[in-house]
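Note: the block below is data.pdb and it holds PDB, C-alpha atoms.
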```
ATOM      1  CA  MET K   1      26.015 107.705  76.744
ATOM      2  CA  LYS K   2      24.149 105.097  74.714
ATOM      3  CA  ARG K   3      25.813 106.333  71.525
ATOM      4  CA  TRP K   4      29.221 106.020  73.108
ATOM      5  CA  LEU K   5      28.491 102.514  74.297
ATOM      6  CA  SER K   6      27.390 101.504  70.807
ATOM      7  CA  MET K   7      30.782 102.370  69.318
ATOM      8  CA  ARG K   8      32.534  99.162  68.390
ATOM      9  CA  TRP K   9      35.983 100.712  68.364
ATOM     10  CA  LEU K  10      35.571 102.045  71.883
ATOM     11  CA  SER K  11      34.559  98.623  73.114
ATOM     12  CA  LEU K  12      37.493  97.075  71.277
ATOM     13  CA  VAL K  13      40.034  99.521  72.708
ATOM     14  CA  CYS K  14      38.700  99.054  76.242
ATOM     15  CA  ARG K  15      38.767  95.274  75.806
ATOM     16  CA  LEU K  16      42.395  95.314  74.677
ATOM     17  CA  VAL K  17      43.523  97.703  77.426
ATOM     18  CA  VAL K  18      41.721  95.998  80.314
ATOM     19  CA  GLY K  19      42.448  92.507  78.999
ATOM     20  CA  GLY K  20      46.109  93.310  78.467
ATOM     21  CA  VAL K  21      46.463  94.752  81.964
ATOM     22  CA  PHE K  22      44.839  91.684  83.524
ATOM     23  CA  ILE K  23      46.975  89.235  81.559
ATOM     24  CA  TRP K  24      50.104  91.142  82.530
ATOM     25  CA  ALA K  25      49.004  91.294  86.168
ATOM     26  CA  SER K  26      48.361  87.556  86.312
ATOM     27  CA  LEU K  27      51.757  86.351  85.064
ATOM     28  CA  ASP K  28      53.907  86.965  88.143
ATOM     29  CA  LYS K  29      51.136  85.858  90.492
ATOM     30  CA  LEU K  30      50.681  82.584  88.615
ATOM     31  CA  ALA K  31      54.417  81.976  88.812
ATOM     32  CA  HIS K  32      54.703  82.826  92.529
ATOM     33  CA  PRO K  33      51.487  81.903  94.382
ATOM     34  CA  ALA K  34      53.188  81.808  97.800
ATOM     35  CA  GLU K  35      54.469  85.366  97.403
ATOM     36  CA  PHE K  36      51.075  86.488  96.154
ATOM     37  CA  ALA K  37      49.448  84.926  99.234
ATOM     38  CA  LYS K  38      51.768  87.091 101.354
ATOM     39  CA  ALA K  39      50.788  90.153  99.323
ATOM     40  CA  ILE K  40      47.104  89.388  99.988
ATOM     41  CA  HIS K  41      47.845  88.851 103.675
ATOM     42  CA  HIS K  42      49.457  92.277 103.924
ATOM     43  CA  TYR K  43      46.013  93.827 103.353
ATOM     44  CA  ARG K  44      44.741  92.083 106.503
ATOM     45  CA  ILE K  45      41.254  91.520 105.126
ATOM     46  CA  ALA K  46      41.260  87.860 104.087
ATOM     47  CA  PRO K  47      40.932  85.104 106.689
ATOM     48  CA  TYR K  48      43.669  82.474 106.695
ATOM     49  CA  ALA K  49      41.236  79.872 105.358
ATOM     50  CA  LEU K  50      40.774  81.886 102.160
ATOM     51  CA  LEU K  51      44.348  83.077 101.736
ATOM     52  CA  HIS K  52      45.817  80.232  99.704
ATOM     53  CA  PRO K  53      42.673  79.390  97.690
ATOM     54  CA  ALA K  54      42.466  83.075  96.709
ATOM     55  CA  ALA K  55      46.164  83.160  95.803
ATOM     56  CA  LEU K  56      45.655  80.136  93.554
ATOM     57  CA  LEU K  57      42.328  81.094  91.976
ATOM     58  CA  LEU K  58      42.487  84.871  91.562
ATOM     59  CA  PRO K  59      45.458  84.988  89.132
ATOM     60  CA  MET K  60      43.830  82.299  86.989
ATOM     61  CA  VAL K  61      40.564  84.279  86.862
ATOM     62  CA  GLU K  62      42.612  87.347  85.906
ATOM     63  CA  ALA K  63      44.364  85.429  83.137
ATOM     64  CA  VAL K  64      41.212  83.764  81.767
ATOM     65  CA  ALA K  65      39.162  86.972  81.874
ATOM     66  CA  GLY K  66      42.040  88.938  80.329
ATOM     67  CA  VAL K  67      42.497  86.495  77.454
ATOM     68  CA  ALA K  68      38.720  86.297  76.906
ATOM     69  CA  LEU K  69      38.524  90.088  76.689
ATOM     70  CA  VAL K  70      41.443  90.338  74.270
ATOM     71  CA  ILE K  71      40.151  87.670  71.888
ATOM     72  CA  GLY K  72      36.554  88.839  72.235
ATOM     73  CA  TRP K  73      35.128  85.589  73.605
ATOM     74  CA  GLN K  74      32.365  85.775  76.233
ATOM     75  CA  ARG K  75      33.252  89.443  76.444
ATOM     76  CA  ARG K  76      30.344  90.518  78.631
ATOM     77  CA  GLY K  77      31.186  87.889  81.223
ATOM     78  CA  ALA K  78      34.889  88.681  81.007
ATOM     79  CA  ALA K  79      34.198  92.383  81.455
ATOM     80  CA  LEU K  80      31.947  91.610  84.422
ATOM     81  CA  ALA K  81      34.678  89.426  85.955
ATOM     82  CA  CYS K  82      37.270  92.180  85.531
ATOM     83  CA  ALA K  83      34.855  94.780  86.922
ATOM     84  CA  GLY K  84      34.158  92.556  89.939
ATOM     85  CA  MET K  85      37.857  92.029  90.608
ATOM     86  CA  LEU K  86      38.532  95.738  90.246
ATOM     87  CA  LEU K  87      35.779  96.474  92.761
ATOM     88  CA  VAL K  88      37.416  94.069  95.206
ATOM     89  CA  PHE K  89      40.803  95.698  94.576
ATOM     90  CA  LEU K  90      39.328  99.155  95.119
ATOM     91  CA  VAL K  91      37.804  98.101  98.434
ATOM     92  CA  ALA K  92      41.118  96.507  99.484
ATOM     93  CA  ILE K  93      43.178  99.548  98.492
ATOM     94  CA  GLY K  94      40.681 101.929 100.072
ATOM     95  CA  SER K  95      40.646 100.011 103.336
ATOM     96  CA  ALA K  96      44.459  99.869 103.358
ATOM     97  CA  LEU K  97      44.617 103.633 102.827
ATOM     98  CA  VAL K  98      42.043 104.305 105.547
ATOM     99  CA  ARG K  99      43.911 102.077 108.002
ATOM    100  CA  GLY K 100      47.245 103.624 107.039
ATOM    101  CA  LEU K 101      48.767 100.285 106.059
ATOM    102  CA  ASP K 102      52.225 100.556 104.605
ATOM    103  CA  ILE K 103      52.292  97.717 102.098
ATOM    104  CA  SER K 104      53.181  97.006  98.512
ATOM    105  CA  CYS K 105      50.134  96.492  96.319
ATOM    106  CA  GLY K 106      50.984  93.075  94.840
ATOM    107  CA  CYS K 107      49.348  94.181  91.600
ATOM    108  CA  PHE K 108      51.900  93.236  88.975
ATOM    109  CA  ASN K 109      54.902  92.160  90.974
ATOM    110  CA  THR K 110      54.739  89.915  94.032
ATOM    111  CA  ASP K 111      58.311  90.818  95.018
ATOM    112  CA  GLY K 112      57.815  94.247  96.535
ATOM    113  CA  GLY K 113      56.565  96.529  93.792
ATOM    114  CA  HIS K 114      54.407  99.608  93.957
ATOM    115  CA  ALA K 115      53.365 100.845  97.392
ATOM    116  CA  VAL K 116      49.620 101.192  97.997
ATOM    117  CA  GLY K 117      48.534 104.784  97.419
ATOM    118  CA  LEU K 118      45.850 106.988  95.962
ATOM    119  CA  ASP K 119      47.356 106.683  92.471
ATOM    120  CA  LEU K 120      46.542 102.979  92.516
ATOM    121  CA  PHE K 121      42.990 103.759  93.571
ATOM    122  CA  TRP K 122      42.469 106.129  90.625
ATOM    123  CA  ARG K 123      44.116 103.714  88.201
ATOM    124  CA  ASP K 124      41.790 100.881  89.203
ATOM    125  CA  LEU K 125      38.804 103.221  89.057
ATOM    126  CA  LEU K 126      39.712 104.151  85.468
ATOM    127  CA  LEU K 127      40.044 100.479  84.579
ATOM    128  CA  LEU K 128      36.647  99.833  86.154
ATOM    129  CA  ILE K 129      35.105 102.534  83.951
ATOM    130  CA  ALA K 130      36.854 100.968  80.941
ATOM    131  CA  CYS K 131      34.998  97.722  81.678
ATOM    132  CA  LEU K 132      31.638  99.353  80.931
ATOM    133  CA  PRO K 133      31.764  99.508  77.092
ATOM    134  CA  PRO K 134      32.580  95.798  76.611
ATOM    135  CA  LEU K 135      30.047  94.926  79.307
ATOM    136  CA  LEU K 136      27.130  96.988  77.998
ATOM    137  CA  ALA K 137      27.781  97.629  74.286
ATOM    138  CA  ALA K 138      25.471  95.913  71.821
ATOM    139  CA  ARG K 139      28.474  95.001  69.703
ATOM    140  CA  GLY K 140      31.863  94.190  71.108
ATOM    141  CA  GLY K 141      34.183  94.932  68.184
ATOM    142  CA  PHE K 142      36.346  92.337  66.482
ATOM    143  CA  GLY K 143      36.453  89.007  68.262
ATOM    144  CA  LEU K 144      35.140  85.486  68.528
ATOM    145  CA  ASP K 145      31.689  86.377  69.865
ATOM    146  CA  ARG K 146      28.811  86.365  67.375
ATOM    147  CA  ASP K 147      27.677  89.869  68.363
ATOM    148  CA  ARG K 148      30.855  91.573  67.192
TER     149      ARG K 148
ATOM    150  CA  MET X   1       8.421  87.996  70.651
ATOM    151  CA  ALA X   2       9.952  90.256  67.996
ATOM    152  CA  ARG X   3       9.005  90.212  64.323
ATOM    153  CA  THR X   4      11.813  90.113  61.743
ATOM    154  CA  TRP X   5      11.746  91.670  58.207
ATOM    155  CA  SER X   6      10.746  88.324  56.720
ATOM    156  CA  GLY X   7       7.772  88.081  58.954
ATOM    157  CA  ALA X   8       9.156  85.307  61.103
ATOM    158  CA  THR X   9       9.167  85.665  64.847
ATOM    159  CA  SER X  10      12.247  85.363  67.045
ATOM    160  CA  LEU X  11      12.893  85.173  70.738
ATOM    161  CA  PRO X  12      13.577  88.552  72.405
ATOM    162  CA  ALA X  13      17.252  89.348  72.881
ATOM    163  CA  ARG X  14      18.629  88.343  76.248
ATOM    164  CA  PRO X  15      19.364  91.374  78.481
ATOM    165  CA  PRO X  16      23.083  92.219  78.482
ATOM    166  CA  LEU X  17      23.515  91.693  82.213
ATOM    167  CA  ALA X  18      21.833  88.282  82.118
ATOM    168  CA  THR X  19      24.217  87.295  79.338
ATOM    169  CA  ALA X  20      27.122  88.716  81.330
ATOM    170  CA  VAL X  21      26.240  86.704  84.431
ATOM    171  CA  ARG X  22      25.851  83.494  82.432
ATOM    172  CA  GLN X  23      29.220  84.073  80.729
ATOM    173  CA  LEU X  24      30.815  85.026  84.031
ATOM    174  CA  LEU X  25      29.812  81.706  85.580
ATOM    175  CA  LEU X  26      31.297  79.890  82.599
ATOM    176  CA  LEU X  27      34.593  81.795  82.895
ATOM    177  CA  LEU X  28      34.766  81.235  86.656
ATOM    178  CA  ALA X  29      34.189  77.508  86.191
ATOM    179  CA  LEU X  30      36.898  77.411  83.516
ATOM    180  CA  SER X  31      39.291  79.330  85.786
ATOM    181  CA  ALA X  32      38.594  76.994  88.713
ATOM    182  CA  VAL X  33      39.288  73.925  86.589
ATOM    183  CA  LEU X  34      42.520  75.424  85.227
ATOM    184  CA  ALA X  35      43.664  76.577  88.677
ATOM    185  CA  ALA X  36      42.931  73.148  90.184
ATOM    186  CA  GLY X  37      44.744  71.424  87.341
ATOM    187  CA  ARG X  38      47.732  73.697  87.670
ATOM    188  CA  TRP X  39      47.831  73.218  91.434
ATOM    189  CA  ALA X  40      47.728  69.420  90.999
ATOM    190  CA  VAL X  41      50.387  69.264  88.294
ATOM    191  CA  VAL X  42      52.826  72.125  88.859
ATOM    192  CA  GLY X  43      54.987  71.960  91.978
ATOM    193  CA  PRO X  44      55.876  72.990  94.598
ATOM    194  CA  ARG X  45      52.270  72.945  95.756
ATOM    195  CA  LEU X  46      50.978  75.723  97.949
ATOM    196  CA  PRO X  47      49.028  74.086 100.824
ATOM    197  CA  LEU X  48      45.326  74.843 100.516
ATOM    198  CA  ARG X  49      45.178  75.939 104.139
ATOM    199  CA  ALA X  50      47.543  78.700 105.248
ATOM    200  CA  ASP X  51      49.497  78.301 108.469
ATOM    201  CA  PRO X  52      49.145  81.553 110.460
ATOM    202  CA  ALA X  53      52.671  81.061 111.842
ATOM    203  CA  ASP X  54      54.035  81.629 108.342
ATOM    204  CA  TYR X  55      52.437  85.052 108.123
ATOM    205  CA  GLU X  56      52.649  86.719 111.482
ATOM    206  CA  VAL X  57      55.636  89.053 111.690
ATOM    207  CA  GLU X  58      56.325  90.962 114.847
ATOM    208  CA  LEU X  59      58.396  94.046 114.189
ATOM    209  CA  SER X  60      61.756  94.073 115.912
ATOM    210  CA  ALA X  61      62.290  97.809 115.642
ATOM    211  CA  PRO X  62      60.210 100.986 115.485
ATOM    212  CA  THR X  63      59.098 102.270 112.106
ATOM    213  CA  LEU X  64      60.002 105.605 110.593
ATOM    214  CA  GLU X  65      58.007 107.741 108.153
ATOM    215  CA  VAL X  66      59.677 108.866 104.927
ATOM    216  CA  PRO X  67      59.612 112.648 105.629
ATOM    217  CA  LEU X  68      61.456 112.135 108.920
ATOM    218  CA  ALA X  69      63.871 109.752 107.233
ATOM    219  CA  ARG X  70      64.584 112.395 104.609
ATOM    220  CA  ARG X  71      65.296 114.925 107.345
ATOM    221  CA  TYR X  72      67.712 112.488 108.967
ATOM    222  CA  TYR X  73      69.275 111.885 105.562
ATOM    223  CA  ASP X  74      69.825 115.617 105.066
ATOM    224  CA  GLU X  75      71.320 115.921 108.565
ATOM    225  CA  GLY X  76      73.728 113.086 107.766
ATOM    226  CA  ILE X  77      73.657 111.555 111.235
ATOM    227  CA  HIS X  78      71.969 108.277 110.375
ATOM    228  CA  LEU X  79      73.283 105.431 108.248
ATOM    229  CA  PHE X  80      70.969 103.844 105.711
ATOM    230  CA  ILE X  81      71.000 100.072 105.265
ATOM    231  CA  ASP X  82      69.590  98.467 102.115
ATOM    232  CA  THR X  83      68.249  95.006 102.994
ATOM    233  CA  ARG X  84      67.096  93.948  99.539
ATOM    234  CA  GLU X  85      68.587  90.845  98.014
ATOM    235  CA  GLU X  86      70.115  91.005  94.545
ATOM    236  CA  GLY X  87      67.539  90.829  91.751
ATOM    237  CA  PRO X  88      66.652  92.262  88.362
ATOM    238  CA  GLY X  89      64.766  95.240  89.812
ATOM    239  CA  VAL X  90      67.375  96.092  92.427
ATOM    240  CA  VAL X  91      69.393  98.702  90.576
ATOM    241  CA  ASP X  92      69.265 101.835  92.713
ATOM    242  CA  THR X  93      69.302 102.724  96.375
ATOM    243  CA  VAL X  94      69.529 105.605  98.832
ATOM    244  CA  PRO X  95      72.854 107.350  98.133
ATOM    245  CA  GLY X  96      75.479 106.156 100.594
ATOM    246  CA  ALA X  97      73.415 103.217 101.824
ATOM    247  CA  PHE X  98      75.216 100.057 102.873
ATOM    248  CA  VAL X  99      73.936  96.638 101.894
ATOM    249  CA  VAL X 100      73.050  94.040 104.534
ATOM    250  CA  ARG X 101      70.979  91.219 103.043
ATOM    251  CA  PRO X 102      69.128  88.600 105.068
ATOM    252  CA  ASP X 103      70.600  85.706 103.107
ATOM    253  CA  LEU X 104      74.195  86.989 103.451
ATOM    254  CA  PHE X 105      73.786  88.727 106.778
ATOM    255  CA  ASP X 106      77.036  87.571 108.410
ATOM    256  CA  ASP X 107      79.215  88.305 105.384
ATOM    257  CA  ASP X 108      77.652  91.710 104.802
ATOM    258  CA  LEU X 109      77.926  92.700 108.468
ATOM    259  CA  LEU X 110      81.527  91.529 108.626
ATOM    260  CA  ALA X 111      82.368  93.806 105.718
ATOM    261  CA  LEU X 112      80.911  96.763 107.620
ATOM    262  CA  LEU X 113      82.489  96.130 111.020
ATOM    263  CA  ASP X 114      84.995  98.967 110.593
ATOM    264  CA  ILE X 115      82.358 101.337 109.237
ATOM    265  CA  VAL X 116      79.269 100.798 111.373
ATOM    266  CA  SER X 117      79.542 100.961 115.144
ATOM    267  CA  PRO X 118      76.920  99.859 117.705
ATOM    268  CA  ASP X 119      76.311 103.517 118.573
ATOM    269  CA  ASP X 120      75.311 104.460 115.026
ATOM    270  CA  ARG X 121      71.682 105.165 114.242
ATOM    271  CA  LEU X 122      70.598 102.828 111.486
ATOM    272  CA  ILE X 123      67.637 103.179 109.130
ATOM    273  CA  LEU X 124      66.790  99.914 107.407
ATOM    274  CA  PHE X 125      64.746  99.716 104.254
ATOM    275  CA  GLY X 126      63.516  97.013 101.912
ATOM    276  CA  ASP X 127      61.361  96.898  98.816
ATOM    277  CA  GLY X 128      57.853  97.987  99.692
ATOM    278  CA  ASN X 129      57.004  96.061 102.818
ATOM    279  CA  LEU X 130      58.781  95.582 106.092
ATOM    280  CA  ALA X 131      59.517  91.857 105.933
ATOM    281  CA  LEU X 132      63.129  92.012 104.704
ATOM    282  CA  ALA X 133      64.133  95.014 106.772
ATOM    283  CA  ASN X 134      62.508  93.505 109.856
ATOM    284  CA  ASN X 135      64.454  90.290 109.409
ATOM    285  CA  VAL X 136      67.760  92.178 109.308
ATOM    286  CA  ALA X 137      66.683  94.489 112.154
ATOM    287  CA  ALA X 138      66.019  91.549 114.480
ATOM    288  CA  ARG X 139      69.476  90.135 113.861
ATOM    289  CA  LEU X 140      71.199  93.521 114.174
ATOM    290  CA  VAL X 141      69.544  94.080 117.553
ATOM    291  CA  GLN X 142      70.737  90.620 118.613
ATOM    292  CA  ARG X 143      74.317  91.546 117.582
ATOM    293  CA  GLY X 144      74.297  94.676 119.704
ATOM    294  CA  TYR X 145      73.071  97.384 117.370
ATOM    295  CA  PRO X 146      70.120  98.801 119.336
ATOM    296  CA  ASN X 147      69.511 102.035 117.381
ATOM    297  CA  VAL X 148      67.623 100.502 114.501
ATOM    298  CA  GLU X 149      64.567 101.886 112.732
ATOM    299  CA  LEU X 150      62.547 100.559 109.795
ATOM    300  CA  LEU X 151      61.673 102.863 106.906
ATOM    301  CA  LYS X 152      57.928 102.611 106.223
ATOM    302  CA  GLY X 153      57.225 101.795 102.593
ATOM    303  CA  GLY X 154      60.851 101.030 101.894
ATOM    304  CA  LEU X 155      62.652 102.372  98.862
ATOM    305  CA  ALA X 156      59.389 102.557  96.886
ATOM    306  CA  ALA X 157      57.958 105.134  99.291
ATOM    307  CA  TRP X 158      61.302 106.940  99.459
ATOM    308  CA  ARG X 159      61.421 107.208  95.668
ATOM    309  CA  GLU X 160      57.780 108.288  95.439
ATOM    310  CA  ALA X 161      58.393 111.042  97.972
ATOM    311  CA  GLY X 162      61.162 112.406  95.756
ATOM    312  CA  GLY X 163      64.004 111.072  97.850
ATOM    313  CA  PRO X 164      67.367 110.943  96.070
ATOM    314  CA  VAL X 165      68.560 107.617  94.681
ATOM    315  CA  SER X 166      71.788 106.507  93.108
ATOM    316  CA  PRO X 167      72.883 103.311  91.364
ATOM    317  CA  ARG X 168      73.367 100.461  93.826
ATOM    318  CA  THR X 169      76.929  99.231  93.670
ATOM    319  CA  PRO X 170      77.560  95.514  94.140
ATOM    320  CA  ALA X 171      77.678  94.517  97.784
ATOM    321  CA  VAL X 172      81.045  93.905  99.402
ATOM    322  CA  ALA X 173      80.214  90.336 100.276
ATOM    323  CA  PRO X 174      79.574  87.863  97.414
TER     324      PRO X 174
END
```
In C-alpha cells, what does this structure look like?
Amino acid sequence: MKRWLSMRWLSLVCRLVVGGVFIWASLDKLAHPAEFAKAIHHYRIAPYALLHPAALLLPMVEAVAGVALVIGWQRRGAALACAGMLLVFLVAIGSALVRGLDISCGCFNTDGGHAVGLDLFWRDLLLLIACLPPLLAARGGFGLDRDR
Amino acid sequence: MARTWSGATSLPARPPLATAVRQLLLLLALSAVLAAGRWAVVGPRLPLRADPADYEVELSAPTLEVPLARRYYDEGIHLFIDTREEGPGVVDTVPGAFVVRPDLFDDDLLALLDIVSPDDRLILFGDGNLALANNVAARLVQRGYPNVELLKGGLAAWREAGGPVSPRTPAVAP
C-alpha cells in the first residue's frame, strides 16, 4: 500500500482524473445556480436556509479544488476537499436510494440528467478512492507544489 | 528534529493530514471569496435565502413505475406524452409519444385535439424529475383529461431500464 502511494505517476493520474471530473461537474452548476439549488432540494436533506448558499458555494469549491488538483497546487488540501465532497455526495445518494426518491442526480447537468442509482454510488466511491494517492503520497507528481 | 547529510538540523516534516487540513482551509477561503465575488457581480442574483414556496411541488397525478409503464407500452392502450422542452439533449423519446410542453401547452394540445380524447389513458414523462410532467399533468386534468399518470424517473429511467426510444420529431406546434 505504501509503495503504491509513493508512486508519483499514480498520484498524477488520480489528480488529473478527479480534478478533471470536478471541473467538468462545476461548469453547469456555476452557470445555473437556481437550477442546481432545485437539484439539491430534490434530495430533501438540506434545510431551506442552506439551499442557496450551498448552490452558490459548492460549485465554486468543486472548480477551485478541481483546478488545484490538475495543476498540482495545494494538492493535499484539494484532494481532501474532493474527498469530503464525495463523502457528502455518497451520503446524499445513499439516503435518496434508501428513501426511494426518484430524482435526477444534478451531478454534471442541472437540467434533468442522470437519475440517482447505484451506478452513481459506485462511481463516486471509485472517485473517493482515487483521492487517496494525491492526499497521502509523499510526492504528488508534476505540479506547482514543492513536493512534486 | 531530523539531522540532514550536512549535519544541520531541520524541523520534522509536517504530517500529511495536517498539511491537507491547512491547505483545505486555504482553498475553502479562496472558494468563498470567489463565490461571493461572482454572486455580487454576475446577475441575475440568486437570493441568499430560499423561498419554500418556490420549491414545494404537489403532484397533480399518481406516479407510475417504469416496469408497469413498459407493460402498458407493450399493450398499446396508453398514450405517452413527452413534456420536455426543446433543448440540445432532447433528441430521442418513447416511440409514438406526443409532445406537450409546458411553455407551449395550448398550441401543443390544440394540435392533438383530434388524436387524444379525454377518455385516453395518458402517461406523462419528463427528463429525470417530475417537475415538467407534473406541470403539464395539472393543466391536462384542468382541461378534462382525468386519466393522467406520471412516469417515475422520466425518460432517463425508461432508457436505463432498456425501454425503446426513437428520434424525437419536431413538435407540431412551433
Determine which residues of chain X sit within 8 Å of chain K, taking into account all atoms listed in the file, and present them as a CSV table (one decimal) with C-alpha atoms, in the frame of the given file.
```csv
chain,number,residue,atom,x,y,z
X,16,PRO,CA,23.1,92.2,78.5
X,17,LEU,CA,23.5,91.7,82.2
X,19,THR,CA,24.2,87.3,79.3
X,20,ALA,CA,27.1,88.7,81.3
X,21,VAL,CA,26.2,86.7,84.4
X,22,ARG,CA,25.9,83.5,82.4
X,23,GLN,CA,29.2,84.1,80.7
X,24,LEU,CA,30.8,85.0,84.0
X,25,LEU,CA,29.8,81.7,85.6
X,27,LEU,CA,34.6,81.8,82.9
X,28,LEU,CA,34.8,81.2,86.7
X,30,LEU,CA,36.9,77.4,83.5
X,31,SER,CA,39.3,79.3,85.8
X,32,ALA,CA,38.6,77.0,88.7
X,34,LEU,CA,42.5,75.4,85.2
X,35,ALA,CA,43.7,76.6,88.7
X,39,TRP,CA,47.8,73.2,91.4
X,46,LEU,CA,51.0,75.7,97.9
X,47,PRO,CA,49.0,74.1,100.8
X,48,LEU,CA,45.3,74.8,100.5
X,49,ARG,CA,45.2,75.9,104.1
X,50,ALA,CA,47.5,78.7,105.2
X,51,ASP,CA,49.5,78.3,108.5
X,52,PRO,CA,49.1,81.6,110.5
X,55,TYR,CA,52.4,85.1,108.1
X,127,ASP,CA,61.4,96.9,98.8
X,128,GLY,CA,57.9,98.0,99.7
X,129,ASN,CA,57.0,96.1,102.8
X,130,LEU,CA,58.8,95.6,106.1
X,152,LYS,CA,57.9,102.6,106.2
X,153,GLY,CA,57.2,101.8,102.6
X,156,ALA,CA,59.4,102.6,96.9
X,157,ALA,CA,58.0,105.1,99.3
```
_With the PyMOL selection byres ((chain K and resi 72) around 9) as the selection, what would be picked from this file? Answer as a ChimeraX atom specification, please._
/K:12,15,67-71,73-75,78,140-145,148
*If you measure from CA of Lys29 (chain K) to CA of Val100 (chain X), what distance in Å do you get, rounded to one decimal?*
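Computed distance, CA of Lys29 (chain K) to CA of Val100 (chain X), equals 27.3 Å.
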*Mind giving me the straight-line distance from CA of Val94 (chain X) to CA of Ser166 (chain X) in Å, one decimal?*
6.2 Å
Using all atoms of region 62-67 of chain X that appear in the file, construct an axis-aligned enclosing box with 4 Å of padding on every side and provide its centre coordinates and edge lengths in Å, rounded to one decimal, as JSON.
```
{"center_x": 59.1, "center_y": 106.8, "center_z": 110.2, "size_x": 10.2, "size_y": 19.7, "size_z": 18.6}
```
*Rounded to one decimal in Å, what is the spacing between CA of Tyr43 (chain K) and CA of Phe121 (chain K)?*
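Going from CA of Tyr43 (chain K) over to CA of Phe121 (chain K), I get 14.3 Å.
If you apply the PyMOL selection byres ((chain K and resi 23) around 7) to this structure, you end up with Gly19, Gly20, Val21, Phe22, Trp24, Ala25, Ser26, Leu27, Glu62, Ala63, Gly66 and Val67 of chain K.
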*asked:* Using all atoms listed in the file, which protein or nucleic acid residues come within 10 Å of region 138-147 of chain X? Drop anything in the same chain fewer than 2 positions from it, and give the result as a PyMOL selection string.
replied: chain X and resi 58-62+78+100+102+105-106+109+116-123+133-136+149
